[in-house]
file protein.csv (CSV, N, CA and C atoms)
chain,number,residue,atom,x,y,z
A,1,LEU,N,0.8,-1.2,0.0
A,1,LEU,CA,0.0,0.0,0.0
A,1,LEU,C,0.8,1.3,0.0
A,2,ILE,N,2.0,1.2,0.6
A,2,ILE,CA,2.8,2.4,0.7
A,2,ILE,C,3.2,2.8,-0.7
A,3,GLU,N,3.5,1.8,-1.6
A,3,GLU,CA,3.9,2.2,-3.0
A,3,GLU,C,2.8,2.9,-3.7
A,4,LEU,N,1.5,2.6,-3.3
A,4,LEU,CA,0.4,3.2,-4.0
A,4,LEU,C,0.2,4.7,-3.5
A,5,PHE,N,0.5,5.0,-2.3
A,5,PHE,CA,0.2,6.3,-1.7
A,5,PHE,C,1.3,7.3,-1.7
A,6,LEU,N,2.6,6.8,-1.8
A,6,LEU,CA,3.7,7.7,-1.7
A,6,LEU,C,4.4,7.8,-3.1
A,7,PRO,N,4.8,9.0,-3.5
A,7,PRO,CA,5.5,9.1,-4.8
A,7,PRO,C,6.9,8.4,-4.5
A,8,SER,N,7.4,7.8,-5.6
A,8,SER,CA,8.7,7.2,-5.4
A,8,SER,C,9.9,8.1,-5.3
A,9,GLU,N,9.7,9.4,-5.8
A,9,GLU,CA,10.8,10.4,-5.6
A,9,GLU,C,10.6,11.1,-4.3
A,10,GLY,N,11.7,11.6,-3.8
A,10,GLY,CA,11.7,12.4,-2.6
A,10,GLY,C,11.9,11.6,-1.3
A,11,ASP,N,12.1,12.4,-0.3
A,11,ASP,CA,12.3,11.8,1.0
A,11,ASP,C,11.0,11.9,1.8
A,12,HIS,N,10.5,10.8,2.2
A,12,HIS,CA,9.2,10.7,2.9
A,12,HIS,C,9.3,10.1,4.2
A,13,VAL,N,8.5,10.5,5.1
A,13,VAL,CA,8.4,9.8,6.5
A,13,VAL,C,7.0,9.2,6.6
A,14,VAL,N,7.0,7.9,6.9
A,14,VAL,CA,5.7,7.2,7.1
A,14,VAL,C,5.4,7.1,8.6
A,15,LEU,N,4.3,7.6,9.0
A,15,LEU,CA,3.9,7.6,10.4
A,15,LEU,C,2.8,6.6,10.6
A,16,ASP,N,3.1,5.6,11.5
A,16,ASP,CA,2.1,4.6,11.8
A,16,ASP,C,1.8,4.7,13.3
A,17,PRO,N,0.7,5.4,13.7
A,17,PRO,CA,0.4,5.7,15.1
A,17,PRO,C,-0.1,4.4,15.8
A,18,PHE,N,-0.4,3.3,15.1
A,18,PHE,CA,-0.8,2.1,15.8
A,18,PHE,C,0.0,1.0,15.1
A,19,ALA,N,1.3,1.0,15.5
A,19,ALA,CA,2.3,0.2,14.8
A,19,ALA,C,2.1,-1.3,14.9
A,20,GLY,N,1.5,-1.8,15.9
A,20,GLY,CA,1.3,-3.3,16.0
A,20,GLY,C,2.6,-4.0,16.0
A,21,THR,N,2.7,-4.9,15.0
A,21,THR,CA,3.9,-5.7,14.9
A,21,THR,C,5.0,-5.1,13.9
A,22,GLY,N,4.7,-3.9,13.4
A,22,GLY,CA,5.7,-3.2,12.6
A,22,GLY,C,5.7,-3.4,11.1
A,23,THR,N,4.7,-4.1,10.6
A,23,THR,CA,4.7,-4.4,9.2
A,23,THR,C,4.8,-3.1,8.3
A,24,THR,N,4.0,-2.1,8.6
A,24,THR,CA,4.1,-0.8,7.9
A,24,THR,C,5.5,-0.2,7.9
A,25,LEU,N,6.1,-0.2,9.1
A,25,LEU,CA,7.4,0.3,9.3
A,25,LEU,C,8.4,-0.4,8.5
A,26,ILE,N,8.4,-1.7,8.5
A,26,ILE,CA,9.3,-2.5,7.7
A,26,ILE,C,9.1,-2.2,6.2
A,27,ALA,N,7.9,-2.2,5.7
A,27,ALA,CA,7.6,-1.9,4.3
A,27,ALA,C,8.2,-0.6,3.9
A,28,ALA,N,8.0,0.4,4.8
A,28,ALA,CA,8.4,1.8,4.4
A,28,ALA,C,10.0,1.8,4.3
A,29,LEU,N,10.6,1.2,5.3
A,29,LEU,CA,12.1,1.2,5.3
A,29,LEU,C,12.6,0.4,4.1
A,30,GLU,N,12.0,-0.7,3.7
A,30,GLU,CA,12.5,-1.5,2.6
A,30,GLU,C,12.3,-0.7,1.3
A,31,LEU,N,11.3,0.2,1.3
A,31,LEU,CA,11.1,1.0,0.1
A,31,LEU,C,12.0,2.3,0.1
A,32,GLY,N,12.8,2.4,1.1
A,32,GLY,CA,13.7,3.6,1.2
A,32,GLY,C,13.2,4.8,1.8
A,33,HIS,N,12.0,4.7,2.5
A,33,HIS,CA,11.5,5.8,3.3
A,33,HIS,C,11.9,5.8,4.7
A,34,GLN,N,11.7,6.9,5.4
A,34,GLN,CA,11.9,6.9,6.9
A,34,GLN,C,10.6,6.4,7.5
A,35,ALA,N,10.6,5.9,8.7
A,35,ALA,CA,9.4,5.4,9.3
A,35,ALA,C,9.4,5.8,10.8
A,36,LEU,N,8.2,6.1,11.3
A,36,LEU,CA,8.0,6.4,12.7
A,36,LEU,C,6.8,5.7,13.2
A,37,GLY,N,7.0,4.8,14.1
A,37,GLY,CA,5.9,4.0,14.6
A,37,GLY,C,5.6,4.3,16.1
A,38,ILE,N,4.3,4.3,16.5
A,38,ILE,CA,3.9,4.5,17.8
A,38,ILE,C,3.1,3.3,18.2
A,39,GLU,N,3.4,2.7,19.4
A,39,GLU,CA,2.7,1.6,19.9
A,39,GLU,C,2.7,1.6,21.4
A,40,ILE,N,1.5,1.5,21.9
A,40,ILE,CA,1.3,1.6,23.4
A,40,ILE,C,1.5,0.3,24.1
A,41,GLU,N,1.3,-0.8,23.4
A,41,GLU,CA,1.5,-2.1,24.1
A,41,GLU,C,3.0,-2.5,24.0
A,42,GLU,N,3.6,-2.6,25.2
A,42,GLU,CA,5.0,-2.9,25.3
A,42,GLU,C,5.4,-4.2,24.6
A,43,ARG,N,4.5,-5.2,24.7
A,43,ARG,CA,4.9,-6.5,24.1
A,43,ARG,C,5.0,-6.4,22.6
A,44,TYR,N,4.3,-5.5,22.0
A,44,TYR,CA,4.4,-5.3,20.5
A,44,TYR,C,5.7,-4.6,20.2
A,45,CYS,N,6.1,-3.7,21.1
A,45,CYS,CA,7.4,-2.9,20.9
A,45,CYS,C,8.6,-3.9,20.7
A,46,SER,N,8.6,-4.9,21.6
A,46,SER,CA,9.7,-5.9,21.4
A,46,SER,C,9.6,-6.7,20.2
A,47,ILE,N,8.4,-7.0,19.7
A,47,ILE,CA,8.2,-7.7,18.4
A,47,ILE,C,8.7,-6.8,17.3
A,48,ILE,N,8.3,-5.5,17.3
A,48,ILE,CA,8.8,-4.6,16.3
A,48,ILE,C,10.3,-4.5,16.3
A,49,GLU,N,10.9,-4.4,17.4
A,49,GLU,CA,12.3,-4.3,17.5
A,49,GLU,C,13.0,-5.5,16.9
A,50,ARG,N,12.5,-6.7,17.2
A,50,ARG,CA,13.1,-7.9,16.6
A,50,ARG,C,12.9,-8.0,15.1
A,51,ARG,N,11.7,-7.7,14.7
A,51,ARG,CA,11.4,-7.7,13.2
A,51,ARG,C,12.2,-6.7,12.4
A,52,LEU,N,12.4,-5.5,13.0
A,52,LEU,CA,13.2,-4.5,12.3
A,52,LEU,C,14.6,-5.0,12.2
A,53,GLY,N,15.2,-5.5,13.3
A,53,GLY,CA,16.5,-6.1,13.2
A,53,GLY,C,16.7,-7.1,12.2
A,54,GLU,N,15.7,-8.1,12.1
A,54,GLU,CA,15.7,-9.1,11.1
A,54,GLU,C,15.6,-8.5,9.7
A,55,SER,N,14.7,-7.6,9.5
A,55,SER,CA,14.5,-7.0,8.2
A,55,SER,C,15.7,-6.2,7.7
A,56,LEU,N,16.3,-5.5,8.6
A,56,LEU,CA,17.5,-4.7,8.1
A,56,LEU,C,18.6,-5.6,7.8
A,57,PHE,N,18.8,-6.7,8.6
A,57,PHE,CA,19.8,-7.7,8.3
A,57,PHE,C,19.6,-8.4,6.9
A,58,THR,N,18.3,-8.8,6.7
A,58,THR,CA,17.9,-9.4,5.5
A,58,THR,C,18.1,-8.5,4.3
A,59,SER,N,17.7,-7.2,4.4
A,59,SER,CA,17.8,-6.3,3.3
A,59,SER,C,19.2,-6.1,2.9
A,60,SER,N,20.2,-5.9,3.9
A,60,SER,CA,21.6,-5.7,3.5
A,60,SER,C,22.1,-7.0,2.9
A,61,LYS,N,21.7,-8.2,3.4
A,61,LYS,CA,22.2,-9.4,2.8
A,61,LYS,C,21.7,-9.6,1.4
A,62,LYS,N,20.4,-9.2,1.1
A,62,LYS,CA,19.8,-9.3,-0.2
A,62,LYS,C,20.6,-8.3,-1.2
A,63,LYS,N,20.9,-7.1,-0.7
A,63,LYS,CA,21.6,-6.1,-1.5
A,63,LYS,C,23.0,-6.7,-1.9
A,64,ALA,N,23.6,-7.3,-0.9
A,64,ALA,CA,24.9,-7.8,-1.2
A,64,ALA,C,24.9,-9.0,-2.2
A,65,GLN,N,23.8,-9.8,-2.1
A,65,GLN,CA,23.7,-10.9,-3.1
A,65,GLN,C,23.3,-10.4,-4.5
A,66,GLN,N,22.6,-9.2,-4.6
A,66,GLN,CA,22.2,-8.7,-5.8
A,66,GLN,C,23.4,-7.9,-6.5
A,67,GLY,N,24.5,-7.7,-5.8
A,67,GLY,CA,25.6,-7.0,-6.4
A,67,GLY,C,25.8,-5.6,-5.9
A,68,ALA,N,24.9,-5.1,-5.1
A,68,ALA,CA,25.0,-3.8,-4.6
A,68,ALA,C,26.2,-3.8,-3.5
A,69,PRO,N,27.0,-2.8,-3.5
A,69,PRO,CA,28.2,-2.8,-2.6
A,69,PRO,C,27.7,-2.8,-1.2
A,70,ALA,N,28.3,-3.6,-0.3
A,70,ALA,CA,27.9,-3.6,1.1
A,70,ALA,C,28.6,-2.6,1.9
A,71,ASP,N,29.8,-2.0,1.4
A,71,ASP,CA,30.5,-1.0,2.1
A,71,ASP,C,31.3,-0.1,1.1
A,72,ALA,N,32.0,0.9,1.7
A,72,ALA,CA,32.7,1.8,0.8
A,72,ALA,C,33.8,1.1,0.0
A,73,LYS,N,34.5,0.2,0.6
A,73,LYS,CA,35.6,-0.5,-0.1
A,73,LYS,C,35.0,-1.3,-1.3
A,74,SER,N,33.9,-2.0,-1.1
A,74,SER,CA,33.2,-2.7,-2.2
A,74,SER,C,32.7,-1.8,-3.2
A,75,ALA,N,32.2,-0.7,-2.9
A,75,ALA,CA,31.7,0.3,-3.8
A,75,ALA,C,32.8,0.8,-4.7
A,76,ARG,N,34.0,1.1,-4.1
A,76,ARG,CA,35.1,1.6,-4.9
A,76,ARG,C,35.6,0.5,-5.9
A,77,ARG,N,35.7,-0.8,-5.4
A,77,ARG,CA,36.1,-1.9,-6.3
A,77,ARG,C,35.1,-2.0,-7.5
A,78,LEU,N,33.8,-1.9,-7.2
A,78,LEU,CA,32.8,-2.0,-8.2
A,78,LEU,C,33.0,-0.8,-9.2
A,79,ALA,N,33.2,0.4,-8.7
A,79,ALA,CA,33.3,1.5,-9.6
A,79,ALA,C,34.5,1.4,-10.5
A,80,LEU,N,35.6,0.9,-9.9
A,80,LEU,CA,36.9,0.7,-10.7
A,80,LEU,C,36.7,-0.4,-11.7
A,81,ALA,N,35.9,-1.4,-11.4
A,81,ALA,CA,35.7,-2.5,-12.3
A,81,ALA,C,34.8,-2.1,-13.5
A,82,LEU,N,33.9,-1.1,-13.2
A,82,LEU,CA,33.1,-0.6,-14.2
A,82,LEU,C,33.7,0.5,-15.1
A,83,GLY,N,35.0,0.9,-14.7
A,83,GLY,CA,35.7,1.9,-15.5
A,83,GLY,C,35.4,3.3,-15.1
A,84,ASP,N,34.9,3.5,-13.9
A,84,ASP,CA,34.6,4.9,-13.4
A,84,ASP,C,35.9,5.6,-13.1
A,85,ASP,N,36.3,6.5,-13.9
A,85,ASP,CA,37.6,7.2,-13.7
A,85,ASP,C,37.5,8.4,-12.7
A,86,VAL,N,36.3,8.6,-12.1
A,86,VAL,CA,36.1,9.7,-11.1
A,86,VAL,C,36.4,9.2,-9.7
A,87,VAL,N,36.6,7.9,-9.5
A,87,VAL,CA,36.9,7.4,-8.2
A,87,VAL,C,38.2,7.9,-7.7
A,88,GLU,N,38.2,8.5,-6.5
A,88,GLU,CA,39.5,9.0,-5.9
A,88,GLU,C,40.1,7.9,-5.1
A,89,ASN,N,41.5,8.0,-4.9
A,89,ASN,CA,42.2,7.0,-4.1
A,89,ASN,C,42.1,7.3,-2.7
call {"tool": "encode", "arguments": {"input": "protein.csv", "output": "structure tokens"}}
result
Amino acid sequence: LIELFLPSEGDHVVLDPFAGTGTTLIAALELGHQALGIEIEERYCSIIERRLGESLFTSSKKKAQQGAPADAKSARRLALALGDDVVEN
């Protein structure tokens, strides 16, 4: 749903005042948006925290598998391999 309601360009913040288990927050972050969740039930906050940790780990692992550089050193190697002569030493 986030893809339907937010333009793909620009920096957006998704506010979920009833965050529950954090599904909306995770979707927003995976689409490159910032997310702010509010949840009154403490038990759900720990679920959100766990799910966000898993999601961020999974996202970075997927990016690495898809060839996106995982760090600055990898990005530099990729740029050099692609013949980017703008890369500084």
call {"tool": "atom_distance", "arguments": {"input": "protein.csv", "atom1": "atom CA of A:Cys45", "atom2": "atom CA of A:Leu4"}}
result
26.6 Å
call {"tool": "atom_distance", "arguments": {"input": "protein.csv", "atom1": "atom C of A:Pro17", "atom2": "atom C of A:Glu54"}}
result
21.2 Å
call {"tool": "atom_distance", "arguments": {"input": "protein.csv", "atom1": "atom CA of A:Glu42", "atom2": "atom N of A:Ile26"}}
result
17.2 Å
call {"tool": "residues_around", "arguments": {"input": "protein.csv", "residues": "A:Glu3", "least_positions_apart": "3", "cutoff": "9 Å", "atoms": "only C-alpha atoms", "output": "PDB file with N, CA and C atoms, in the frame of the given file"}}
result
ATOM      1  N   LEU A   6       2.600   6.800  -1.800  1.00  0.00           N
ATOM      2  CA  LEU A   6       3.700   7.700  -1.700  1.00  0.00           C
ATOM      3  C   LEU A   6       4.400   7.800  -3.100  1.00  0.00           C
ATOM      4  N   PRO A   7       4.800   9.000  -3.500  1.00  0.00           N
ATOM      5  CA  PRO A   7       5.500   9.100  -4.800  1.00  0.00           C
ATOM      6  C   PRO A   7       6.900   8.400  -4.500  1.00  0.00           C
ATOM      7  N   SER A   8       7.400   7.800  -5.600  1.00  0.00           N
ATOM      8  CA  SER A   8       8.700   7.200  -5.400  1.00  0.00           C
ATOM      9  C   SER A   8       9.900   8.100  -5.300  1.00  0.00           C
ATOM     10  N   ALA A  28       8.000   0.400   4.800  1.00  0.00           N
ATOM     11  CA  ALA A  28       8.400   1.800   4.400  1.00  0.00           C
ATOM     12  C   ALA A  28      10.000   1.800   4.300  1.00  0.00           C
ATOM     13  N   LEU A  31      11.300   0.200   1.300  1.00  0.00           N
ATOM     14  CA  LEU A  31      11.100   1.000   0.100  1.00  0.00           C
ATOM     15  C   LEU A  31      12.000   2.300   0.100  1.00  0.00           C
TER      16      LEU A  31
END
call {"tool": "residues_around", "arguments": {"input": "protein.csv", "residues": "A:Val13", "least_positions_apart": "6", "cutoff": "7 Å", "atoms": "only N, CA and C atoms", "output": "list of chain:residue names"}}
result
A:His33, A:Gln34, A:Ala35, A:Leu36
call {"tool": "write_last_selection", "arguments": {"input": "protein.csv", "atoms": "N, CA and C atoms", "output": "compact mmCIF listing (two decimals), in the coordinates of the input"}}
result
# COMPACT_ATOMS: atom_id res chain seq x y z
N HIS A 33 12.00 4.70 2.50
CA HIS A 33 11.50 5.80 3.30
C HIS A 33 11.90 5.80 4.70
N GLN A 34 11.70 6.90 5.40
CA GLN A 34 11.90 6.90 6.90
C GLN A 34 10.60 6.40 7.50
N ALA A 35 10.60 5.90 8.70
CA ALA A 35 9.40 5.40 9.30
C ALA A 35 9.40 5.80 10.80
N LEU A 36 8.20 6.10 11.30
CA LEU A 36 8.00 6.40 12.70
C LEU A 36 6.80 5.70 13.20
call {"tool": "closest_residue", "arguments": {"input": "protein.csv", "among": "A:Ile47, A:Ile38, A:Leu52, A:Leu1", "to": "A:Asp16", "atoms": "only C-alpha atoms"}}
result
A:Ile38
call {"tool": "residues_around", "arguments": {"input": "protein.csv", "residues": "A:Glu39", "least_positions_apart": "2", "cutoff": "5 Å", "atoms": "only N, CA and C atoms", "output": "ChimeraX atom specification"}}
result
/A:19,37,41
call {"tool": "write_last_selection", "arguments": {"input": "protein.csv", "atoms": "N, CA and C atoms", "output": "PDB file, keeping the file's coordinate frame"}}
result
ATOM      1  N   ALA A  19       1.300   1.000  15.500  1.00  0.00           N
ATOM      2  CA  ALA A  19       2.300   0.200  14.800  1.00  0.00           C
ATOM      3  C   ALA A  19       2.100  -1.300  14.900  1.00  0.00           C
ATOM      4  N   GLY A  37       7.000   4.800  14.100  1.00  0.00           N
ATOM      5  CA  GLY A  37       5.900   4.000  14.600  1.00  0.00           C
ATOM      6  C   GLY A  37       5.600   4.300  16.100  1.00  0.00           C
ATOM      7  N   GLU A  41       1.300  -0.800  23.400  1.00  0.00           N
ATOM      8  CA  GLU A  41       1.500  -2.100  24.100  1.00  0.00           C
ATOM      9  C   GLU A  41       3.000  -2.500  24.000  1.00  0.00           C
TER      10      GLU A  41
END
call {"tool": "closest_residue", "arguments": {"input": "protein.csv", "among": "A:Ala72, A:Arg43, A:Phe5, A:Ser55", "to": "A:Glu30", "atoms": "only C-alpha atoms"}}
result
A:Ser55
call {"tool": "build_atoms", "arguments": {"input": "protein.csv", "residues": "stretch 44-55 of chain A", "atoms": "all heavy atoms", "output": "mmCIF file, keeping the file's coordinate frame"}}
result
data_model
loop_
_atom_site.group_PDB
_atom_site.id
_atom_site.type_symbol
_atom_site.label_atom_id
_atom_site.label_comp_id
_atom_site.auth_asym_id
_atom_site.auth_seq_id
_atom_site.Cartn_x
_atom_site.Cartn_y
_atom_site.Cartn_z
ATOM 1 N N TYR A 44 4.300 -5.500 22.000
ATOM 2 C CA TYR A 44 4.400 -5.300 20.500
ATOM 3 C C TYR A 44 5.700 -4.600 20.200
ATOM 4 O O TYR A 44 6.281 -4.751 19.132
ATOM 5 C CB TYR A 44 3.196 -4.594 19.941
ATOM 6 C CG TYR A 44 1.974 -5.469 19.870
ATOM 7 C CD1 TYR A 44 0.823 -5.150 20.571
ATOM 8 C CD2 TYR A 44 1.975 -6.627 19.107
ATOM 9 C CE1 TYR A 44 -0.304 -5.951 20.516
ATOM 10 C CE2 TYR A 44 0.865 -7.444 19.042
ATOM 11 C CZ TYR A 44 -0.272 -7.103 19.747
ATOM 12 O OH TYR A 44 -1.366 -7.916 19.688
ATOM 13 N N CYS A 45 6.100 -3.700 21.100
ATOM 14 C CA CYS A 45 7.400 -2.900 20.900
ATOM 15 C C CYS A 45 8.600 -3.900 20.700
ATOM 16 O O CYS A 45 9.417 -3.697 19.858
ATOM 17 C CB CYS A 45 7.611 -1.928 21.975
ATOM 18 S SG CYS A 45 6.412 -0.584 21.990
ATOM 19 N N SER A 46 8.600 -4.900 21.600
ATOM 20 C CA SER A 46 9.700 -5.900 21.400
ATOM 21 C C SER A 46 9.600 -6.700 20.200
ATOM 22 O O SER A 46 10.619 -7.035 19.558
ATOM 23 C CB SER A 46 9.798 -6.766 22.681
ATOM 24 O OG SER A 46 8.577 -7.400 22.917
ATOM 25 N N ILE A 47 8.400 -7.000 19.700
ATOM 26 C CA ILE A 47 8.200 -7.700 18.400
ATOM 27 C C ILE A 47 8.700 -6.800 17.300
ATOM 28 O O ILE A 47 9.391 -7.252 16.389
ATOM 29 C CB ILE A 47 6.734 -8.081 18.241
ATOM 30 C CG1 ILE A 47 6.340 -9.142 19.273
ATOM 31 C CG2 ILE A 47 6.493 -8.583 16.818
ATOM 32 C CD1 ILE A 47 4.853 -9.447 19.309
ATOM 33 N N ILE A 48 8.300 -5.500 17.300
ATOM 34 C CA ILE A 48 8.800 -4.600 16.300
ATOM 35 C C ILE A 48 10.300 -4.500 16.300
ATOM 36 O O ILE A 48 10.893 -4.562 15.193
ATOM 37 C CB ILE A 48 8.171 -3.164 16.540
ATOM 38 C CG1 ILE A 48 6.665 -3.169 16.340
ATOM 39 C CG2 ILE A 48 8.835 -2.134 15.631
ATOM 40 C CD1 ILE A 48 5.985 -1.899 16.819
ATOM 41 N N GLU A 49 10.900 -4.400 17.400
ATOM 42 C CA GLU A 49 12.300 -4.300 17.500
ATOM 43 C C GLU A 49 13.000 -5.500 16.900
ATOM 44 O O GLU A 49 13.940 -5.392 16.083
ATOM 45 C CB GLU A 49 12.754 -4.139 18.969
ATOM 46 C CG GLU A 49 14.202 -3.850 19.167
ATOM 47 C CD GLU A 49 14.535 -3.599 20.622
ATOM 48 O OE1 GLU A 49 13.753 -3.983 21.517
ATOM 49 O OE2 GLU A 49 15.599 -3.018 20.867
ATOM 50 N N ARG A 50 12.500 -6.700 17.200
ATOM 51 C CA ARG A 50 13.100 -7.900 16.600
ATOM 52 C C ARG A 50 12.900 -8.000 15.100
ATOM 53 O O ARG A 50 13.810 -8.250 14.375
ATOM 54 C CB ARG A 50 12.420 -9.147 17.290
ATOM 55 C CG ARG A 50 12.944 -10.470 16.744
ATOM 56 C CD ARG A 50 12.270 -11.664 17.383
ATOM 57 N NE ARG A 50 10.821 -11.616 17.379
ATOM 58 C CZ ARG A 50 10.040 -11.947 16.343
ATOM 59 N NH1 ARG A 50 10.580 -12.322 15.208
ATOM 60 N NH2 ARG A 50 8.727 -11.884 16.437
ATOM 61 N N ARG A 51 11.700 -7.700 14.700
ATOM 62 C CA ARG A 51 11.400 -7.700 13.200
ATOM 63 C C ARG A 51 12.200 -6.700 12.400
ATOM 64 O O ARG A 51 12.664 -6.991 11.345
ATOM 65 C CB ARG A 51 9.888 -7.492 12.977
ATOM 66 C CG ARG A 51 9.043 -8.671 13.429
ATOM 67 C CD ARG A 51 7.612 -8.523 13.001
ATOM 68 N NE ARG A 51 7.532 -8.673 11.554
ATOM 69 C CZ ARG A 51 6.551 -8.161 10.815
ATOM 70 N NH1 ARG A 51 5.563 -7.492 11.367
ATOM 71 N NH2 ARG A 51 6.553 -8.318 9.502
ATOM 72 N N LEU A 52 12.400 -5.500 13.000
ATOM 73 C CA LEU A 52 13.200 -4.500 12.300
ATOM 74 C C LEU A 52 14.600 -5.000 12.200
ATOM 75 O O LEU A 52 15.252 -4.786 11.154
ATOM 76 C CB LEU A 52 13.103 -3.145 13.035
ATOM 77 C CG LEU A 52 11.813 -2.369 12.850
ATOM 78 C CD1 LEU A 52 11.794 -1.155 13.765
ATOM 79 C CD2 LEU A 52 11.620 -1.953 11.413
ATOM 80 N N GLY A 53 15.200 -5.500 13.300
ATOM 81 C CA GLY A 53 16.500 -6.100 13.200
ATOM 82 C C GLY A 53 16.700 -7.100 12.200
ATOM 83 O O GLY A 53 17.624 -7.157 11.397
ATOM 84 N N GLU A 54 15.700 -8.100 12.100
ATOM 85 C CA GLU A 54 15.700 -9.100 11.100
ATOM 86 C C GLU A 54 15.600 -8.500 9.700
ATOM 87 O O GLU A 54 16.289 -8.955 8.766
ATOM 88 C CB GLU A 54 14.613 -10.125 11.342
ATOM 89 C CG GLU A 54 14.807 -10.959 12.578
ATOM 90 C CD GLU A 54 13.582 -11.787 12.932
ATOM 91 O OE1 GLU A 54 12.554 -11.682 12.231
ATOM 92 O OE2 GLU A 54 13.655 -12.528 13.922
ATOM 93 N N SER A 55 14.700 -7.600 9.500
ATOM 94 C CA SER A 55 14.500 -7.000 8.200
ATOM 95 C C SER A 55 15.700 -6.200 7.700
ATOM 96 O O SER A 55 16.066 -6.365 6.548
ATOM 97 C CB SER A 55 13.275 -6.023 8.286
ATOM 98 O OG SER A 55 13.126 -5.333 7.069
#
